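Next comes model_32.cif, a file with mmCIF, C-alpha atoms.
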```
data_final
loop_
_atom_site.label_atom_id
_atom_site.label_comp_id
_atom_site.auth_asym_id
_atom_site.auth_seq_id
_atom_site.Cartn_x
_atom_site.Cartn_y
_atom_site.Cartn_z
CA MET A 1317 91.91 103.37 89.13
CA PRO A 1318 92.64 105.68 92.10
CA GLU A 1319 89.84 107.94 93.31
CA ALA A 1320 90.17 111.67 92.62
CA SER A 1321 88.32 113.55 95.36
CA THR A 1322 87.74 117.27 94.97
CA ARG A 1323 89.07 119.50 97.75
CA PHE A 1324 88.29 123.14 98.52
CA HIS A 1325 89.98 126.20 99.96
CA SER A 1326 88.91 129.85 100.20
CA VAL A 1327 91.01 132.97 100.67
CA GLN A 1328 89.80 136.47 101.57
CA LEU A 1329 91.46 139.20 99.52
CA ALA A 1330 91.01 142.96 99.70
CA ASP A 1331 88.50 142.93 96.84
CA GLY A 1332 86.60 139.75 97.66
CA ILE A 1333 86.92 136.01 98.08
CA VAL A 1334 88.75 133.48 95.91
CA ASP A 1335 87.55 129.89 95.95
CA PHE A 1336 89.93 127.16 94.87
CA SER A 1337 88.95 123.59 94.10
CA TRP A 1338 91.25 120.81 92.98
CA ALA A 1339 91.80 117.09 92.64
CA SER A 1340 94.74 114.85 91.84
CA ALA A 1341 95.46 111.24 90.99
CA THR A 1342 98.34 109.08 89.83
CA ASP A 1343 98.34 105.66 88.15
CA THR A 1344 101.07 103.20 87.20
CA GLY A 1345 99.65 102.81 83.70
CA ARG A 1346 99.37 99.63 81.68
CA ARG A 1347 102.98 98.95 80.70
CA ARG A 1348 105.05 99.87 83.75
CA GLU A 1349 105.49 97.74 86.84
CA VAL A 1350 106.34 100.62 89.18
CA ASN A 1351 104.88 104.10 89.49
CA GLN A 1352 107.80 106.54 89.50
CA ASP A 1353 105.51 109.59 89.54
CA ALA A 1354 104.75 111.55 92.72
CA VAL A 1355 102.21 114.29 93.36
CA LEU A 1356 101.71 117.05 95.91
CA ALA A 1357 98.44 118.99 95.88
CA GLU A 1358 98.30 120.99 99.11
CA PHE A 1359 97.24 124.64 98.91
CA PRO A 1360 99.05 126.84 97.93
CA LEU A 1361 101.45 124.47 96.10
CA PHE A 1362 100.51 121.96 93.40
CA VAL A 1363 103.30 119.90 91.78
CA VAL A 1364 103.94 116.73 89.81
CA ALA A 1365 107.28 114.89 89.76
CA ASP A 1366 108.09 112.24 87.14
CA GLY A 1367 111.04 110.10 88.23
CA MET A 1368 113.57 108.40 86.00
CA GLY A 1369 116.32 105.90 86.70
CA GLY A 1370 117.01 102.21 86.86
CA HIS A 1371 115.72 99.85 89.53
CA ILE A 1372 113.83 102.10 91.99
CA GLY A 1373 115.90 105.21 91.39
CA GLY A 1374 113.13 107.20 89.73
CA GLU A 1375 110.71 106.47 92.53
CA ILE A 1376 113.28 107.60 95.10
CA ALA A 1377 113.96 110.81 93.18
CA SER A 1378 110.34 111.86 92.71
CA THR A 1379 109.28 110.89 96.24
CA SER A 1380 112.27 112.64 97.83
CA THR A 1381 111.50 115.82 95.89
CA VAL A 1382 107.83 115.87 96.84
CA ASP A 1383 108.64 115.03 100.48
CA ARG A 1384 111.02 117.99 100.69
CA LEU A 1385 108.44 120.34 99.17
CA ARG A 1386 105.61 119.25 101.45
CA PRO A 1387 106.78 121.34 104.46
CA VAL A 1388 107.09 124.33 102.12
CA ALA A 1389 103.44 123.94 101.13
CA GLU A 1390 102.38 123.40 104.74
CA SER A 1391 104.15 126.59 105.81
CA GLY A 1392 102.00 128.59 103.38
CA ALA A 1393 105.03 130.71 102.46
CA VAL A 1394 106.02 129.37 99.05
CA THR A 1395 108.83 131.32 97.41
CA PRO A 1396 111.50 130.53 94.82
CA LYS A 1397 114.10 130.58 97.62
CA ALA A 1398 112.13 128.05 99.69
CA ILE A 1399 111.56 125.84 96.65
CA GLU A 1400 115.22 125.85 95.63
CA LYS A 1401 116.36 125.15 99.19
CA ALA A 1402 114.02 122.15 99.27
CA LEU A 1403 115.36 120.93 95.93
CA THR A 1404 118.94 121.14 97.20
CA ARG A 1405 117.94 118.92 100.10
CA ALA A 1406 116.15 116.54 97.74
CA VAL A 1407 119.29 116.15 95.62
CA LYS A 1408 121.22 115.17 98.75
CA ASP A 1409 118.48 112.69 99.66
CA ILE A 1410 118.68 111.14 96.21
CA ALA A 1411 122.47 110.88 96.37
CA GLY A 1412 122.11 109.17 99.75
CA HIS A 1413 120.73 106.04 98.04
CA PRO A 1414 123.74 104.89 95.96
CA GLU A 1415 122.59 101.27 96.11
CA ALA A 1416 119.38 102.15 94.26
CA THR A 1417 120.42 105.03 92.02
CA ASP A 1418 122.80 105.67 89.14
CA ASP A 1419 123.97 108.59 87.03
CA GLY A 1420 120.66 108.64 85.15
CA THR A 1421 118.53 109.00 88.26
CA GLY A 1422 116.48 112.15 88.65
CA THR A 1423 113.01 113.60 88.36
CA THR A 1424 111.09 116.30 86.61
CA LEU A 1425 109.25 118.84 88.73
CA THR A 1426 106.39 120.93 87.42
CA GLY A 1427 103.64 122.89 89.12
CA VAL A 1428 102.06 126.12 90.24
CA TYR A 1429 101.71 128.00 93.51
CA PHE A 1430 99.51 130.85 94.70
CA ASP A 1431 101.45 133.89 95.86
CA THR A 1432 99.93 136.71 97.93
CA HIS A 1433 103.23 138.47 98.60
CA GLY A 1434 104.09 141.77 96.97
CA GLY A 1435 100.63 143.26 97.20
CA ILE A 1436 99.01 141.70 94.13
CA PRO A 1437 97.91 138.03 94.46
CA HIS A 1438 99.07 135.96 91.51
CA TRP A 1439 100.17 132.52 90.35
CA VAL A 1440 103.71 131.35 89.70
CA THR A 1441 104.48 128.25 87.66
CA LEU A 1442 107.71 126.32 88.16
CA ASN A 1443 109.24 123.81 85.81
CA ILE A 1444 112.18 121.43 85.50
CA GLY A 1445 111.93 118.77 82.78
CA ASP A 1446 109.04 117.85 80.51
CA SER A 1447 106.03 117.51 82.76
CA ARG A 1448 103.65 120.37 82.00
CA VAL A 1449 101.34 123.06 83.29
CA TYR A 1450 98.38 123.97 81.08
CA LEU A 1451 96.04 126.91 81.57
CA VAL A 1452 92.53 127.16 80.18
CA ARG A 1453 91.39 130.79 80.11
CA ASP A 1454 88.52 132.28 78.12
CA GLY A 1455 87.92 128.96 76.38
CA GLN A 1456 91.50 128.62 75.12
CA ILE A 1457 94.11 126.13 76.30
CA ALA A 1458 97.78 127.09 76.48
CA GLN A 1459 100.87 125.23 77.65
CA VAL A 1460 102.46 127.61 80.15
CA THR A 1461 105.67 125.70 80.83
CA THR A 1462 108.38 125.01 78.26
CA ASP A 1463 109.73 121.45 78.09
CA HIS A 1464 113.38 120.98 78.96
CA SER A 1465 113.95 118.31 76.33
CA VAL A 1466 116.08 117.57 73.28
CA VAL A 1467 112.97 117.58 71.11
CA GLN A 1468 111.84 121.00 72.37
CA GLU A 1469 115.29 122.42 71.62
CA LEU A 1470 115.03 121.06 68.07
CA VAL A 1471 111.58 122.62 67.69
CA ALA A 1472 112.83 125.95 69.04
CA ALA A 1473 115.72 125.84 66.57
CA GLY A 1474 113.32 125.22 63.68
CA ARG A 1475 114.75 121.77 62.96
CA LEU A 1476 111.54 119.93 63.90
CA SER A 1477 107.88 120.80 63.50
CA PRO A 1478 105.58 120.29 66.51
CA GLU A 1479 103.92 117.43 64.58
CA GLU A 1480 107.28 115.72 63.96
CA ALA A 1481 108.21 116.18 67.60
CA GLU A 1482 105.24 114.13 68.82
CA ASN A 1483 106.75 110.81 67.69
CA HIS A 1484 110.45 111.64 67.69
CA PRO A 1485 112.78 108.86 68.99
CA TYR A 1486 114.39 111.31 71.44
CA GLY A 1487 111.01 112.30 72.84
CA ASN A 1488 111.88 111.06 76.34
CA VAL A 1489 115.32 112.68 76.57
CA ILE A 1490 115.17 115.66 78.95
CA THR A 1491 117.88 118.29 79.39
CA ARG A 1492 117.19 119.36 82.99
CA ALA A 1493 116.17 117.35 86.04
CA VAL A 1494 116.34 117.26 89.82
CA GLY A 1495 119.08 114.84 90.82
CA PRO A 1496 121.91 114.62 88.28
CA THR A 1497 123.57 117.87 89.43
CA GLU A 1498 124.09 119.44 92.85
CA SER A 1499 121.94 122.48 92.13
CA VAL A 1500 119.06 123.04 89.78
CA LYS A 1501 116.83 126.06 89.35
CA PRO A 1502 113.31 125.89 87.95
CA ASP A 1503 111.98 128.22 85.29
CA TYR A 1504 109.31 130.49 86.76
CA VAL A 1505 106.38 132.20 85.02
CA ARG A 1506 104.11 134.71 86.75
CA LEU A 1507 100.40 134.65 85.88
CA ASP A 1508 97.54 136.95 86.85
CA LEU A 1509 94.77 135.69 89.11
CA VAL A 1510 91.71 135.48 86.85
CA ASP A 1511 88.21 134.24 87.64
CA GLY A 1512 87.35 131.02 85.83
CA ASP A 1513 90.92 129.89 85.16
CA ARG A 1514 91.57 126.15 85.18
CA PHE A 1515 95.01 124.60 85.50
CA VAL A 1516 96.13 121.11 84.51
CA ILE A 1517 99.46 119.91 85.92
CA CYS A 1518 100.54 116.55 84.53
CA SER A 1519 103.35 114.15 83.81
CA ASP A 1520 104.13 113.20 80.22
CA GLY A 1521 102.22 109.97 80.75
CA LEU A 1522 99.10 112.06 80.10
CA THR A 1523 100.41 114.09 77.17
CA LYS A 1524 101.67 110.95 75.43
CA GLU A 1525 98.06 109.77 75.26
CA LEU A 1526 96.00 112.99 75.02
CA THR A 1527 96.47 116.04 72.82
CA ASP A 1528 96.09 119.54 74.23
CA TYR A 1529 92.62 119.69 72.72
CA GLY A 1530 91.79 116.31 74.25
CA ILE A 1531 92.69 117.73 77.66
CA GLN A 1532 90.51 120.77 76.99
CA HIS A 1533 87.64 118.55 75.90
CA PHE A 1534 87.60 116.63 79.18
CA LEU A 1535 87.81 119.86 81.15
CA SER A 1536 84.81 121.30 79.29
CA GLU A 1537 82.86 118.08 79.82
CA HIS A 1538 83.64 117.97 83.56
CA PRO A 1539 83.51 121.23 85.56
CA ASP A 1540 84.29 119.36 88.78
CA PRO A 1541 88.07 118.80 89.18
CA GLY A 1542 87.70 115.27 90.54
CA GLU A 1543 85.52 114.20 87.62
CA ALA A 1544 87.89 115.86 85.13
CA VAL A 1545 90.92 114.09 86.62
CA ALA A 1546 89.15 110.72 86.55
CA ALA A 1547 88.03 111.22 82.95
CA MET A 1548 91.50 112.18 81.72
CA LEU A 1549 93.18 109.37 83.60
CA ASP A 1550 90.70 106.85 82.21
CA ALA A 1551 91.20 108.16 78.66
CA ALA A 1552 94.99 107.99 78.98
CA LEU A 1553 94.77 104.36 80.07
CA GLU A 1554 92.30 103.53 77.29
CA ASN A 1555 94.65 105.12 74.75
CA GLY A 1556 97.49 102.83 75.80
CA GLY A 1557 98.73 103.91 79.23
CA ARG A 1558 102.32 103.58 78.05
CA ASP A 1559 103.74 105.41 81.04
CA ASN A 1560 102.86 106.37 84.60
CA VAL A 1561 100.09 108.99 84.51
CA THR A 1562 99.65 111.81 87.03
CA VAL A 1563 97.14 114.67 86.80
CA ILE A 1564 96.11 117.66 88.93
CA VAL A 1565 93.14 119.84 87.93
CA LEU A 1566 92.78 123.18 89.74
CA ASN A 1567 89.82 125.58 89.39
CA VAL A 1568 89.73 129.27 90.35
CA ALA A 1569 86.60 131.31 91.17
CA ARG A 1570 86.65 134.95 92.33
CA HIS A 1571 83.74 136.58 94.18
CA GLY A 1572 83.06 139.97 95.70
CA GLY A 1573 81.56 139.90 99.18
CA ASP A 1574 81.97 140.24 102.91
CA ASP A 1575 84.74 138.64 104.91
CA PRO A 1576 84.12 134.97 105.69
CA ASP A 1577 84.37 133.78 109.29
CA ASP A 1578 87.66 132.09 108.45
CA ASP A 1579 89.78 133.69 105.75
CA THR A 1580 91.68 130.47 105.11
CA ALA A 1581 88.83 127.99 105.30
CA ASP A 1582 89.80 124.58 103.95
CA SER A 1583 87.84 121.41 103.37
CA SER A 1584 89.23 118.11 102.20
CA THR A 1585 85.82 116.52 102.02
CA PRO A 1586 84.59 115.39 98.56
CA GLY A 1587 81.56 117.27 97.34
CA ARG A 1588 80.16 120.48 98.66
#
```
Could I get this file's structure written as structure tokens?
Amino acid sequence: MPEASTRFHSVQLADGIVDFSWASATDTGRRREVNQDAVLAEFPLFVVADGMGGHIGGEIASTSTVDRLRPVAESGAVTPKAIEKALTRAVKDIAGHPEATDDGTGTTLTGVYFDTHGGIPHWVTLNIGDSRVYLVRDGQIAQVTTDHSVVQELVAAGRLSPEEAENHPYGNVITRAVGPTESVKPDYVRLDLVDGDRFVICSDGLTKELTDYGIQHFLSEHPDPGEAVAAMLDAALENGGRDNVTVIVLNVARHGGDDPDDDTADSSTPGR
């Protein structure tokens, strides 16, 4: 199983310091031969892409999408415009591999980024497909993103209960993805910056094997992001590992205090 090392980053705000810690890992699972998931966890952008398509199409789609978003994260200026421009380029990259892709090739894209523009620092989630962002706040877990799937549409229409949706035969059929069309726009949700928040960003390979409360359990048992990621990944594999599994855990801690020597201090070293 891949190692999930915890990384750290601190930002000085007008009213104090915010410490971020996170870890990520991806695994092929126990029934798939190829890992079509891709992950990007580089402050201030944290995303998971779950590819789909015959042959190696899904791997191309997810990798192309993450590769196009990486410079956006490295620039530090993550905006909807920058994200959507990167996705347009990713779609062209995907289409440039006709020998390895088909009409069903594409990828989900789900994640969160930290935004200091506009005066009030906050989070923004982005979502295309059925990978998910969860938020644990004040001891309660909530799914922030809404799945773009046939099953979710049936639930929203009152034709399926959430319990019936869990094992529905159309459970893997998504209604929006990066790749099949020339342009695609994520759904965005703005969230306040709150001390103690914990995010989980994951592909459906995790949610097929763990309930929301199972995810919350492993978070409560493991305050360290790297340990939480490893525990959830291990549990997903033990529960069947029917799909590729990718997980990011991100912790937030706010402090009052003096300016640090470096207001964007970053450490990629495990431990602290």
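Residues matched by the PyMOL selection byres ((chain A and resi 1382) around 8) in this structure: Ala1354, Val1355, Leu1356, Val1363, Ala1365, Ser1378, Thr1379, Ser1380, Thr1381, Asp1383, Arg1384, Leu1385 and Arg1386 of chain A.
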When you look at range 1520-1536 of chain A with a cut-off of 10 Å (counting only C-alpha atoms), what residues show up, excluding the ones that are within fewer than 4 positions of it in the same chain? I need them as number ranges by chain. A: 1342-1345, 1353, 1366, 1424, 1445-1448, 1450-1452, 1455-1459, 1482-1483, 1487-1488, 1514-1516, 1540-1541, 1543-1549, 1551-1563, 1565
Residues proximal to (101.8, 134.6, 85.8) were defined as those with any atom within 8 Å of that point in the file's coordinates, counting all atoms listed in the file. Which are they, as a PyMOL selection string? chain A and resi 1438-1441+1505-1509
Any idea what's packed within 7 Å of Val1494 in chain A, counting all atoms listed in the file, ignoring anything in its chain fewer than 6 positions away? Could you give it as a PyMOL selection string? chain A and resi 1407+1422-1424+1500
Kindly export the residues of the current selection with C-alpha atoms, as a PDB file, in the coordinates of the input.
```pdb
ATOM      1  CA  VAL A1407     119.290 116.150  95.620  1.00  0.00           C
ATOM      2  CA  GLY A1422     116.480 112.150  88.650  1.00  0.00           C
ATOM      3  CA  THR A1423     113.010 113.600  88.360  1.00  0.00           C
ATOM      4  CA  THR A1424     111.090 116.300  86.610  1.00  0.00           C
ATOM      5  CA  VAL A1500     119.060 123.040  89.780  1.00  0.00           C
TER       6      VAL A1500
END
```
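The spacing separating CA of Thr1491 in chain A from CA of Ile1444 in chain A amounts to 8.9 Å.
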Name the residues, using the chain letters and numbers of the file, that sit within 8 Å of (114.4, 108.2, 91.2) when counting all atoms listed in the file, and give them as a ChimeraX atom specification. /A:1352,1367-1370,1372-1379,1410,1417,1421-1423
Residue contacts of Ile1333 in chain A (7 Å, all atoms listed in the file) excluding same-chain residues fewer than 6 positions away, as a PDB file with C-alpha atoms, in the frame of the given file:
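Written file, part19.pdb:
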```pdb
ATOM      1  CA  SER A1326      88.910 129.850 100.200  1.00  0.00           C
ATOM      2  CA  VAL A1327      91.010 132.970 100.670  1.00  0.00           C
ATOM      3  CA  ARG A1570      86.650 134.950  92.330  1.00  0.00           C
ATOM      4  CA  HIS A1571      83.740 136.580  94.180  1.00  0.00           C
ATOM      5  CA  GLY A1572      83.060 139.970  95.700  1.00  0.00           C
ATOM      6  CA  GLY A1573      81.560 139.900  99.180  1.00  0.00           C
TER       7      GLY A1573
END
```
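Interatomic distance, CA of Phe1430 in chain A to CA of Ile1517 in chain A: 14.0 Å.
Listed by chain and then by number, the residues chosen by the PyMOL selection byres ((chain A and resi 1393) around 12) in this file are Phe1359, Pro1360, Leu1361, Leu1385, Arg1386, Pro1387, Val1388, Ala1389, Glu1390, Ser1391, Gly1392, Val1394, Thr1395, Pro1396, Lys1397, Ala1398, Ile1399, Tyr1429, Phe1430, Asp1431, Thr1432 and His1433 of chain A.
In this model, the gap between CA of Asp1503 in chain A and CA of Thr1461 in chain A comes to 8.1 Å.
Using all atoms listed in the file, the shortest contact distance between Gln1328 in chain A and any of A:Glu1415, A:Pro1437, A:Val1460, A:Gln1468 is found at A:Pro1437.
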